[in-house]
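Take a look at the structure below.
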There are 2 protein chains.
Amino acid sequence: MIFSVTVLGCNSAIPTLTRNPSAHLLNANERFFLFDCAEGTQLQLRRYKIRFQRISRIFISHLHGDHYYGLIGLLTSFHLLGRKDPLDLYGHPLLKQILDIQLEASQTRLIYPIRFHEIGTGYELLHEDDILTVHSFPVIHSVPTCGFIVREKEKERKIRKDKIARLNIPVEAMPGLKRGMDFTDSMGHIHLNKELTIDPPRPRSYVYCGDTSYTESIIPYIKDCNLLYHEATFMQDMVASAHEKKHSTAAEAATIALKAGAGKLLIGHYSARYDNLQPLLEEAKKIFPETYLAEEGKTYKIPDSLF
Amino acid sequence: MIFSVTVLGCNSAIPTLTRNPSAHLLNANERFFLFDCAEGTQLQLRRYKIRFQRISRIFISHLHGDHYYGLIGLLTSFHLLGRKDPLDLYGHPLLKQILDIQLEASQTRLIYPIRFHEIGTGYELLHEDDILTVHSFPVIHSVPTCGFIVREKEKERKIRKDKIARLNIPVEAMPGLKRGMDFTDSMGHIHLNKELTIDPPRPRSYVYCGDTSYTESIIPYIKDCNLLYHEATFMQDMVASAHEKKHSTAAEAATIALKAGAGKLLIGHYSARYDNLQPLLEEAKKIFPETYLAEEGKTYKIPDSLF
């Protein structure tokens with residue numbers, strides 16, 4: 001099953017000609033979820049040839065412009081391009097007012113439905129379907145902000161076809177086997193599930209933590225995640241500035257990844273002061289070697305659990 | 001004196017990788033005024049190496065997204081980049097609410113003042129300084145919309161230095177001469193102004209007409225303008241669609257230019273259906289030969305009056 005994230009923006013604060021602000025596109029088995037939507041995100045989707053009408057859910061972490069100023073334009077383009085499918089939108093209650101007043105001003109009645117879901121600042125289940133869940137969790141920032149964690153559900157056990165054929169197990173027994181049940185044959189013999197099936201891949205998880213101060217309070221929520229995206233606006237020599245602005249350094253992001261037992265760490269939300277991002281990467285890797293730089297247009301496959 | 005306009009966006013409706021929606025930057029003697037501000041305008045300013053903090057006034061013609069979705073991002077970037085100078089902003093009353101709610105949501109107090117000026121839908125003087133005036137005028141569109149006309153003021157007459165030296169005319173007399181007064185010398189002889197000065201260049205004018213149905217009602221306002229920018233969303237074979245959507249065709253824009261006695265016509269706001277713009281240009285030129293295509297990044301000098 002595909003479980004990957006494409007970075008559409010990795011800059012903080014201001015769009016530049018080389019780096020756009022925050023937006024991540026998750027592809028979970030061809031379900032496309034957008035996390036944040038800075039100005040220019042719709043152009044980034046075009047640039048990377050992503051069919052953006054396939055986006056079914058958009059999650060906005062907070063109402064700083066570099067995380068949502070592109071939303072109204074994307075929603076309008078959906079409309080102008082003839083979207084029919086509903087869109088689920090998750091954000092702070094004010095976000096709905098901001099969108100509504102703009103749609104009202106342009107006398108636009110969208111031709112597709114938006115289902116708006118208010119986000120508080122706690123740990124909340126935002127979405128659940130047959131293959132995954134999405135929760136918000138609290139972070140520390142200068143306005144109400146949350147992170148998001150997407151977790152695959154436990155997958156079904158995999159049938160060992162060789163055994164099934166040999167024992168002549170009927171089709172009706174398969175769903176039970178996949179769920180871990182033993183099988184009792186017509187002679188009354190019990191065949192243990194672990195002999196008939198093999199372990200499925202472990203569920204994977206992706207964390208989006210777009211803007212936050214260093215805070216270990218997030219660790220219980222993100223523990224053992226496979227891919228942690230954690231902002232790293234500054235390097236450690238600017239830690240005072242990072243704290244003042246409620247942002248993190250590369251070293252701090254790596255420390256969180258280490259303490260949370262993350263599989264891999266993706267850093268981003270770089271201050272425009274850093275043309276060369278290698279020093280941020282090196283700083284983080286000293287603490288957490290499995291660190292990667294968020295780069296626009298690049299897709300990161302979320303690896304199977306290492307545990 | 002510089003009097004030129006740089007096109008930052010020439011598409012209608014939706015930003016694409018090759019064309020951005022509406023924004024025009026006027027340079028009037030190093031005073032920079034922005035007309036409309038679609039999503040991505042701040043990036044366009046960067047792309048064309050325009051120092052955007054020099055923009056002192058922004059005029060928003062109406063509240064369709066392709067004319068203003070980039071405004072909040074630009075205003076925020078001004079702030080983040082340390083602007084101190086006040087900004088004069090002209091738009092529909094709802095625009096202020098739209099900006100205020102977004103600034104409130106991000107708990108942003110801009111470090112520079114914005115002076116917001118409400119625009120109605122009539123012919124109004126919006127701005128006047130020592131060298132020019134800006135008026136709004138009514139157009140016909142699906143939401144309250146106006147056009148803008150920028151007119152240079154009458155310039156002072158130019159002194160003929162050869163005559164001044166020969167007649168030994170004192171410095172104190174110069175301002176009067178520049179305003180057209182005759183000069184009486186110490187012997188009581190009257191020297192006619194027209195012998196001592198030459199005609200100044202005629203004042204020029206630029207019209208921005210971003211979204212409108214074909215309407216001859218605008219002609220009295222824009223009569224004899226030097227450069228008319230008039231939208232031309234469609235070609236004449238789609239005139240029904242143009243009327244329905246309250247837009248114009250290239251032929252219609254040219255007809256307005258002809259009837260208004262414009263010096264030159266700039267067309268733009270092209271429908272995304274036109275990859276090749278030459279047919280729109282040709283259609284307009286058949287009616288009004290002095291037609292030019294609005295192309296992004298290109299600067300159009302506003303010519304002296306032809307009359």
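Lettering and numbering for the structure tokens are positional, with chains as A, B, ... in the shown order, residues counted from 1 in each chain, and ligands counted from 1 in the shown order.
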Proximal residues of chain A relative to chain B (only C-alpha atoms; 6 Å) as an MDAnalysis selection string: chainID A and resid 63:64 105:106
Neighbour list for Asn27 in chain A as a list in words, cut-off 7 Å, only C-alpha atoms, skip fewer than 5 positions in-chain: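 What passes the distance filter is Ile2, Phe3, Ser4, Val5, Phe32 and Phe33 of chain A.
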Output of the above residues as a short mmCIF file (atom, residue, chain, number, x, y, z; two decimals), in the first residue's frame, restricted to C-alpha atoms:
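File produced: result_28.cif:
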```
data_model
loop_
_atom_site.label_atom_id
_atom_site.label_comp_id
_atom_site.auth_asym_id
_atom_site.auth_seq_id
_atom_site.Cartn_x
_atom_site.Cartn_y
_atom_site.Cartn_z
CA ILE A 2 1.32 3.43 -0.89
CA PHE A 3 2.03 5.57 2.15
CA SER A 4 4.10 8.55 1.15
CA VAL A 5 4.29 12.29 1.55
CA PHE A 32 -4.84 12.27 -0.90
CA PHE A 33 -4.76 14.45 2.19
#
```
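Excluding Ile119 in chain B itself and same-chain residues fewer than 6 positions from it, the residues having an atom within 12 Å of it are Phe59, Ile60, Ser61, His62, Leu63, Leu89, Tyr90, Gly91, His92, Pro93, Leu94, Leu95, Lys96, Leu125, Leu126, His127, His135, Ser136, Phe137, Pro138, Pro144, Thr145, Cys146, Gly147 and Phe148 of chain B, counting only C-alpha atoms.
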Residues of range 71-290 of chain B in alpha helix (DSSP H), written as a PyMOL selection string: chain B and resi 71-80+93-105+161-167+174-178+193-196+219-222+239-244+250-260+278-287
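Residue nearest His191 in chain B, chosen from B:Lys163, B:Ser213, B:Thr18, B:Val207 and counting only C-alpha atoms: B:Lys163.
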